[in-house]
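Structure record follows, encoded as structure tokens.
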Amino acid sequence: MKKALYLFAALLQLQASAQSPAVIHTDFPDPTVIAANGKYYAYATNSDPAGKFLHIQVAVSDDLKEWKIIGDALPGQPVWGYKDFWAPHVLYNAQLKKYALFYSAETVDTTAGKAIGIAFSDHPEGPFKDSGKPLIVRPEFEAIDPMVIKDPRSGKFYMIWGSGFQPLQIREMDPSMTAFKKGSAAKAVIQAGADKDYGRLVEGAWIDYNDGYYYIYYSGDNCCGIEAHYAVMVARSKNITGPYTRLAEVAANKSSVILESDAHIVAPGHNSVIKDNNGKKWIAYHAIPREAFDKKRYGRVMYIDRIIYRDGWPVVVKEQPPAISIRWTDSVTISTGYTKNAAADQLPGYGAQYPRLLKLANGNWLAAYTVLRNKGYRQESGGGLELEVAESRDNGRTWKSVSWITDPGRDLDNAQMIQLPDGSVLLAGRSVRWQESYRLPVYKSSDDGRNWQRLSIIDANEGAPGTLGKPDKGIYEPHFYFLKDGRLAVMYANEKHVTESPSYSQTIAQKVSEDSGKTWGKEIWVAHTPGHPKSRPGMPVVDRMQNGKYIAVYEVCGPEDCGIYYKTSADGLHWAEGLGTKAPEQKAAPYVLSLADGNLLLSSNLGVVTVSNDYGLTWKKQPMPWVLQVPFETDWTQTLWQGMYQFDEHTVGIVTSRKRAGGGHDIKIRFGRIEKSGIL
């Protein structure tokens, strides 16, 4: 049993990282979901969707996924209550041939507190008519959150309710539903304060019967607003009136929590459990979307996830992306580089390298890559590698050069772009005079890449000629991304600390800009290995996954032989110490892409693409987009510096520096079709 509980705790941790799908995207708190007449109905606390106030919201769905709010289940206000129509629960009473609606409201006697009332209807959507008087009246908000269950063993009806820092209570009801059974008494089943973290207040109870046990799902501790701190907990008993054993009393982690905040949602709770027409069980609950919470919007929307019982306890199974495979199709060439300069002199066979793409808000695409249009800064004082920018107006099928960015007397390389909310485009790169000057400049374009102006320097390391080599002390490969709060961040490879104590041959650094790239904050270390100075993490790429978390991938050369490693972060700013987790099947210069369906694609110089449908926990190899003429170990330059992008719902593209006969590289895109697969 102890081993099973440890496995249960590990499963909870794994599930918490996956994505939860919102099914009602407006304020819809305290949801109860029932099945009736071949459809599903959801009821929620009062709100004003579309600007119209509803006492009890009611929505309908055919499949638990697509929902439509259809009106007010309680259009007539009860004579005893006047506001705060909270936490409705509905069930069908076959003896009465009525749907019964239980809810709480503030009494007209404002000194009395909240009360629980009952209303009836012939139809699940209502209208429900109140019975005329409340069942329970209690001070403050002790009489809220009613749930009524027909005991599958005895056929009797029981109500569970409570909050206000008091215990959850259960009591048998009269079959009329308008009173409690004569001679019955309320019994406390879950005490407030018993659970760590979320137990200060308990409320929102729901009872589900499964395989001989009654399970009480309950929530605490603060449902709402800027200080929302809420979660779903569980206890079980062989008898409906208890005693109940909380999960914390037997779990290895000493916690009763089965659902709490993660990178995607804040303060989930007040759930119901529904069995669908196929016999599967689902948990419906409200939560604040993380993105909305970060913007100080606190509406609670409805989510639905699978729930299963494993080792005698419920487990919330978050939705995972579908398994996919990539079928590679046609390819196009963006650039072959330049063979002659303006004076018609023959140039070295460089071609074009290190491509990166950007889809603009207007639907066009930009490509930035490195070209050589001269003999280099060692032979020409104003020479050096340059960045060329090309544009596509047909979703990547054809390309036209629109501009160049130069830094005379230096090699300009490692381009990467991002578009700001105001429509302007930033491009970061590496500007080098080898062994004497390393800079990471940022350029800005306000006309979709046709003209560029220097905006800032992310980081720099300067010295007299030859002083920054052996070992090198350069900075390379910047990669932009946005944090959740909208700030611009960048990661890059950094050798500046190799001669310090302790020494690090290379680290991955991060900086944040508070002003859209004009200035940059302090250096933050993302990946390094304390005590292992020869490890060289570099070439970072970051993307935000569909579960709200960030993933950073990078190579680690040195003793790790340029293997690909990755880390995840809840906010893109705070990363665990160390090198992270090694990804299989990949080597050197990685790129990661989060697809719109939640799958992750990972590529590298090895020419391999792998896919993950569980946010990086496992990876599966895909067909090779490019055929290598010889093994990678024989010639690692065959497919250099790959990047991946999604062009539409069904199409991805992998752009690379493709080695060509006669020397040099071409910039090419191989397109791929996203297809469903059973391989994962």
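By convention here, the chains of the structure tokens are called A, B, ... in the order presented, each chain's residues are numbered starting at 1, and ligands are numbered starting at 1 in the order presented.
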Would you mind listing what lies within 9 Å of A:Val79 as a count of residues only, with only C-alpha atoms counted and same-chain residues fewer than 5 positions away left out?
5
Nearest to A:Asp48, chosen from A:Gly299, A:Gly351, A:Pro146, A:Pro134, with only C-alpha atoms counted in the distances:
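For A:Asp48, the nearest of the given residues is A:Gly299.
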Measure the distance from atom CA of A:Lys549 to atom CA of A:Pro478 in Å and round it to one decimal.
20.4 Å
Two-atom distance - atom CA of A:Glu203, atom CA of A:Asp122 (Å):
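These atoms are spaced 29.1 Å apart.
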Provide the atom CA of A:Trp525 to atom CA of A:Val556 distance in Å, to one decimal place.
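These atoms are spaced 14.8 Å apart.
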